[in-house]
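Data first, discussion second: the structure below is written as structure tokens.
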Amino acid sequence: MTKKIQNPLLVVGTVAIDSVETPFGKRDECFGGSASYFSYSASFFTPVRLVAVVGNDFPKKYRAVLEERNINLDGLETNASGKTFRWKGRYNFDLNNAETLETHLNVLLDFSPEVGSNGKLDYLFLANFDPALQMKVLSQVARPRLKLVALDTMNFWIQNKLTELKAVIRHVDLVVLNDGEARELTGENNLIKAARKIRDMGPDIIVIKKGEHGVLLFFRDQFFALPAFPLESVFDPTGAGDTFAGGMMGYISRAKAITFETLKKAVAYGSIMASFTVEEFSLDRLRKLKSTEIEERIKEFRALTQF
Ligand code: AMP
């Protein structure tokens, strides 16, 4: 019997082991993955459920990290005959762009995500992941009942699975991606034109992240821009995008509304969540984060962006 989902927000993506090098240090085999950062960040706003796969080498201590935020892990499958997805990346002094050194899909190659009974599911986030698997997930949920389906992707999938990616984009409400990915996906250098082209593919809401230069939000014919929260020390940008998306979707899920006003605030909360993640390696900073710190930084951010 399938269990009823009690978590209004579901994320499907990667739970990974990362090796990361930045100008400030190096960390091998640390905890990462698009669904990990997303769910950890979203859990500050709403109950969240994760669907992903790991291999026989996935450390218990990493699972415990997700458990400490009460993330529903019923959908975290272990494939005993394979290794966990691995990503190795490097950042040079331009911390806005990760250079992927290695991607090992491992257990992702045989993964068939199972969403289970829809239950209370209202919001779905297809985190950066194989677009063919994103489509499989989408085909399991009752589309007219879901309030919002959002999708993230990256250059790896734009380059390797463009047809599948375009097919899934057609069916989602919101696309979040960074500036380089938006340009690559559309072949358009100007981000406003790129957003328009993505909108023509299907989604109503486009969010383009520009790293330390902030974020652009397009909602139907409305437009909003926000700088990034200015930080003096950025240590490791890994996970910033997923943490941003977790904050944004978590906020929307908590607010239970999809209006331009809610989306603007959601983008601000996403930016603030990402600003914490980049202060330390892996999920280290998020693990120390208190809700009061989020609200304090939001207040500062509001003061900084008002004139
Ligand atoms: P970001 O938030 O964009 O910095 O994403 C960082 C996370 O994405 C890392 O923790 C990686 O494990 C994960 N990742 C890297 N490459 C891929 C990929 N091709 N598909 C899914 N997740 C990935």
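Chain identifiers are assigned as A, B, and so on, following the order in which chains appear in the structure tokens; residues are numbered from 1 within each chain, and ligands are numbered from 1 in order of appearance.
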
Problem set entry | Contacts of Ile258 (chain A) within 12 Å, only C-alpha atoms, excl. fewer than 2 positions in-chain, as number ranges by chain | A: 122-123, 147-149, 173-174, 204-205, 219-220, 248-249, 251-256, 260-266

With N, CA, C and O atoms retained, export the selected residues as a compact mmCIF listing (two decimals), in the first residue's frame.
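New file part35.txt:
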# COMPACT_ATOMS: atom_id res chain seq x y z
N ASP A 122 1.11 19.61 -3.17
CA ASP A 122 0.68 20.80 -3.89
C ASP A 122 1.76 21.37 -4.79
O ASP A 122 1.49 21.97 -5.81
N TYR A 123 3.01 21.24 -4.33
CA TYR A 123 4.13 21.87 -5.03
C TYR A 123 5.17 20.82 -5.35
O TYR A 123 5.58 20.04 -4.49
N LYS A 147 -0.52 22.72 -7.44
CA LYS A 147 -0.59 24.18 -7.55
C LYS A 147 0.55 24.74 -8.41
O LYS A 147 0.39 25.73 -9.10
N LEU A 148 1.72 24.11 -8.29
CA LEU A 148 2.87 24.63 -9.05
C LEU A 148 3.91 23.53 -9.28
O LEU A 148 4.26 22.81 -8.36
N VAL A 149 4.37 23.46 -10.51
CA VAL A 149 5.48 22.55 -10.83
C VAL A 149 6.64 23.40 -11.34
O VAL A 149 6.47 24.21 -12.26
N ASP A 173 5.35 25.04 -14.75
CA ASP A 173 4.87 26.42 -14.57
C ASP A 173 6.02 27.40 -14.38
O ASP A 173 5.91 28.58 -14.66
N LEU A 174 7.11 26.90 -13.79
CA LEU A 174 8.22 27.79 -13.41
C LEU A 174 9.54 27.12 -13.81
O LEU A 174 9.74 25.93 -13.55
N ASP A 204 5.02 29.98 -17.23
CA ASP A 204 4.57 31.36 -16.97
C ASP A 204 5.61 32.15 -16.20
O ASP A 204 5.63 33.37 -16.23
N ILE A 205 6.39 31.42 -15.40
CA ILE A 205 7.32 32.09 -14.47
C ILE A 205 8.75 31.64 -14.79
O ILE A 205 9.05 30.44 -14.81
N PHE A 219 7.16 37.17 -14.53
CA PHE A 219 5.87 36.54 -14.25
C PHE A 219 4.85 37.10 -15.23
O PHE A 219 4.48 38.26 -15.15
N ARG A 220 4.44 36.26 -16.16
CA ARG A 220 3.60 36.71 -17.27
C ARG A 220 4.22 37.97 -17.89
O ARG A 220 5.36 37.91 -18.31
N MET A 248 12.98 29.66 -2.20
CA MET A 248 11.90 30.23 -3.01
C MET A 248 10.65 29.34 -2.97
O MET A 248 9.55 29.81 -2.68
N MET A 249 10.84 28.05 -3.23
CA MET A 249 9.69 27.13 -3.25
C MET A 249 9.13 26.91 -1.85
O MET A 249 7.92 26.76 -1.68
N TYR A 251 9.09 29.12 0.50
CA TYR A 251 8.31 30.32 0.82
C TYR A 251 6.95 30.28 0.12
O TYR A 251 5.91 30.57 0.74
N ILE A 252 6.96 29.92 -1.17
CA ILE A 252 5.69 29.86 -1.92
C ILE A 252 4.75 28.84 -1.27
O ILE A 252 3.55 29.09 -1.09
N SER A 253 5.33 27.71 -0.89
CA SER A 253 4.53 26.64 -0.29
C SER A 253 3.93 27.09 1.05
O SER A 253 2.79 26.77 1.37
N ARG A 254 4.72 27.85 1.82
CA ARG A 254 4.22 28.35 3.10
C ARG A 254 3.17 29.44 2.88
O ARG A 254 2.16 29.49 3.57
N ALA A 255 3.39 30.30 1.90
CA ALA A 255 2.47 31.41 1.64
C ALA A 255 1.18 30.91 0.98
O ALA A 255 0.15 31.61 1.01
N LYS A 256 1.26 29.74 0.37
CA LYS A 256 0.09 29.14 -0.31
C LYS A 256 -0.53 30.08 -1.34
O LYS A 256 -1.75 30.17 -1.46
N PHE A 260 2.27 37.78 -8.02
CA PHE A 260 3.53 38.47 -8.29
C PHE A 260 4.18 38.90 -6.97
O PHE A 260 5.39 38.78 -6.78
N GLU A 261 3.35 39.40 -6.03
CA GLU A 261 3.87 39.85 -4.72
C GLU A 261 4.53 38.70 -3.96
O GLU A 261 5.61 38.85 -3.39
N THR A 262 3.89 37.54 -3.95
CA THR A 262 4.45 36.37 -3.26
C THR A 262 5.75 35.94 -3.94
O THR A 262 6.72 35.60 -3.28
N LEU A 263 5.73 35.94 -5.26
CA LEU A 263 6.92 35.49 -6.00
C LEU A 263 8.11 36.41 -5.73
O LEU A 263 9.24 35.94 -5.60
N LYS A 264 7.85 37.70 -5.61
CA LYS A 264 8.94 38.65 -5.33
C LYS A 264 9.57 38.32 -3.97
O LYS A 264 10.79 38.29 -3.82
N LYS A 265 8.73 38.09 -2.99
CA LYS A 265 9.24 37.76 -1.65
C LYS A 265 9.95 36.41 -1.68
O LYS A 265 10.98 36.22 -1.04
N ALA A 266 9.39 35.48 -2.44
CA ALA A 266 9.99 34.14 -2.52
C ALA A 266 11.41 34.23 -3.08
O ALA A 266 12.33 33.54 -2.62

For this session: Using only C-alpha atoms and all ligand atoms, determine which residues fall within 7 Å of ligand 1, then list them as a list in words.
Result: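 Written in the requested form, the residues are Gly13, Thr14, Val15, Ala16, Ile17, Asp18, Gly32, Gly33, Ser34, Arg86, Trp87, Thr103, Asn128, Phe129, Asp130, Met154, Phe156, Trp157, Pro237, Thr238, Gly239, Ala240, Gly241, Asp242 and Thr243 of chain A.
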
Problem set entry | Atom-to-atom span, CA of Glu279 (chain A) and CA of Glu212 (chain A), Å | 12.9 Å

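With distances restricted to only C-alpha atoms, A:Ile192 is the closest residue to Gln222 (chain A) from A:Ile192, A:Ala257, A:Leu121, A:Met201.
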
Exercise. Just asking: which residues within region 213-254 of chain A are strand (DSSP E) according to DSSP, as number ranges by chain?
Worked result: A: 215-219, 222-226

Atoms kept (N, CA, C and O atoms) for selection, written as a PDB file, in the first residue's frame:
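File result00.pdb, as written:
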ATOM      1  N   VAL A 215      19.226  38.408  -9.268  1.00  0.00           N
ATOM      2  CA  VAL A 215      18.239  37.528  -9.885  1.00  0.00           C
ATOM      3  C   VAL A 215      17.176  38.327 -10.641  1.00  0.00           C
ATOM      4  O   VAL A 215      16.869  39.467 -10.279  1.00  0.00           O
ATOM      5  N   LEU A 216      16.671  37.753 -11.721  1.00  0.00           N
ATOM      6  CA  LEU A 216      15.582  38.358 -12.492  1.00  0.00           C
ATOM      7  C   LEU A 216      14.373  37.433 -12.409  1.00  0.00           C
ATOM      8  O   LEU A 216      14.519  36.213 -12.533  1.00  0.00           O
ATOM      9  N   LEU A 217      13.210  38.050 -12.196  1.00  0.00           N
ATOM     10  CA  LEU A 217      11.973  37.269 -12.135  1.00  0.00           C
ATOM     11  C   LEU A 217      11.017  37.773 -13.214  1.00  0.00           C
ATOM     12  O   LEU A 217      10.782  38.969 -13.318  1.00  0.00           O
ATOM     13  N   PHE A 218      10.521  36.850 -13.999  1.00  0.00           N
ATOM     14  CA  PHE A 218       9.528  37.188 -15.035  1.00  0.00           C
ATOM     15  C   PHE A 218       8.251  36.430 -14.714  1.00  0.00           C
ATOM     16  O   PHE A 218       8.271  35.206 -14.610  1.00  0.00           O
ATOM     17  N   PHE A 219       7.162  37.168 -14.530  1.00  0.00           N
ATOM     18  CA  PHE A 219       5.871  36.540 -14.248  1.00  0.00           C
ATOM     19  C   PHE A 219       4.849  37.100 -15.233  1.00  0.00           C
ATOM     20  O   PHE A 219       4.482  38.264 -15.153  1.00  0.00           O
ATOM     21  N   GLN A 222       5.005  40.692 -16.183  1.00  0.00           N
ATOM     22  CA  GLN A 222       5.617  41.506 -15.133  1.00  0.00           C
ATOM     23  C   GLN A 222       7.065  41.086 -14.900  1.00  0.00           C
ATOM     24  O   GLN A 222       7.418  39.930 -15.098  1.00  0.00           O
ATOM     25  N   PHE A 223       7.854  42.039 -14.404  1.00  0.00           N
ATOM     26  CA  PHE A 223       9.281  41.824 -14.324  1.00  0.00           C
ATOM     27  C   PHE A 223       9.822  42.392 -13.014  1.00  0.00           C
ATOM     28  O   PHE A 223       9.403  43.449 -12.579  1.00  0.00           O
ATOM     29  N   PHE A 224      10.739  41.683 -12.387  1.00  0.00           N
ATOM     30  CA  PHE A 224      11.300  42.124 -11.098  1.00  0.00           C
ATOM     31  C   PHE A 224      12.785  41.762 -11.076  1.00  0.00           C
ATOM     32  O   PHE A 224      13.179  40.700 -11.568  1.00  0.00           O
ATOM     33  N   ALA A 225      13.595  42.671 -10.521  1.00  0.00           N
ATOM     34  CA  ALA A 225      15.030  42.403 -10.430  1.00  0.00           C
ATOM     35  C   ALA A 225      15.496  42.662  -9.008  1.00  0.00           C
ATOM     36  O   ALA A 225      15.037  43.598  -8.351  1.00  0.00           O
ATOM     37  N   LEU A 226      16.396  41.835  -8.547  1.00  0.00           N
ATOM     38  CA  LEU A 226      16.912  41.968  -7.183  1.00  0.00           C
ATOM     39  C   LEU A 226      18.423  41.717  -7.218  1.00  0.00           C
ATOM     40  O   LEU A 226      18.866  40.797  -7.904  1.00  0.00           O
TER      41      LEU A 226
END

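Between CA of Leu126 (chain A) and CA of Ala150 (chain A) lies a distance of 6.0 Å.
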
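Going from CA of Asp179 (chain A) over to CA of Leu95 (chain A), you cover 13.8 Å.
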
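With distances restricted to only C-alpha atoms, A:Pro113 is the closest residue to Ser139 (chain A) from A:Pro113, A:Leu10, A:Leu151, A:Ile158.
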
Problem set entry | Proximity to Phe44 (chain A) - best of A:Glu68, A:Asp110, A:Asp28, A:Asp221, only C-alpha atoms | A:Glu68

For this session: Please provide as a ChimeraX atom specification all residues within 9 Å of Leu133 (chain A), with the sequence filter that same-chain residues fewer than 5 positions apart are discarded (counting only C-alpha atoms).
Result: /A:111-113,138

Could the residues of region 224-265 of chain A that have an atom at most 12 Å from region 291-299 of chain A be listed as JSON lines, each with its closest atom pair and the distance in Å to one decimal, counting only C-alpha atoms and ordered by chain and ascending residue number?
{"residue": "A:Ala228", "atom": "CA", "partner": "A:Ile298", "partner_atom": "CA", "distance": 11.7}
{"residue": "A:Phe229", "atom": "CA", "partner": "A:Arg297", "partner_atom": "CA", "distance": 8.6}
{"residue": "A:Pro230", "atom": "CA", "partner": "A:Arg297", "partner_atom": "CA", "distance": 10.7}
{"residue": "A:Leu231", "atom": "CA", "partner": "A:Arg297", "partner_atom": "CA", "distance": 11.2}
{"residue": "A:Gly247", "atom": "CA", "partner": "A:Ile294", "partner_atom": "CA", "distance": 10.3}
{"residue": "A:Lys265", "atom": "CA", "partner": "A:Ile298", "partner_atom": "CA", "distance": 9.6}

Go ahead and write the selection's residues with N, CA, C and O atoms as a CSV table (one decimal), in the first residue's frame.
chain,number,residue,atom,x,y,z
A,228,ALA,N,22.0,40.5,-5.5
A,228,ALA,CA,22.4,39.4,-4.5
A,228,ALA,C,22.6,40.2,-3.2
A,228,ALA,O,23.0,41.3,-3.1
A,229,PHE,N,22.5,39.4,-2.1
A,229,PHE,CA,22.8,40.0,-0.8
A,229,PHE,C,24.3,40.2,-0.8
A,229,PHE,O,25.1,39.2,-1.0
A,230,PRO,N,24.8,41.4,-0.6
A,230,PRO,CA,26.3,41.6,-0.7
A,230,PRO,C,27.0,40.9,0.5
A,230,PRO,O,26.8,41.2,1.7
A,231,LEU,N,27.9,40.1,0.1
A,231,LEU,CA,28.7,39.3,1.2
A,231,LEU,C,30.2,39.6,1.0
A,231,LEU,O,30.7,39.7,-0.1
A,247,GLY,N,14.6,27.8,-0.9
A,247,GLY,CA,14.0,29.0,-0.1
A,247,GLY,C,12.8,29.5,-0.9
A,247,GLY,O,11.8,29.8,-0.3
A,265,LYS,N,8.7,38.1,-3.0
A,265,LYS,CA,9.2,37.8,-1.7
A,265,LYS,C,9.9,36.4,-1.7
A,265,LYS,O,11.0,36.2,-1.0
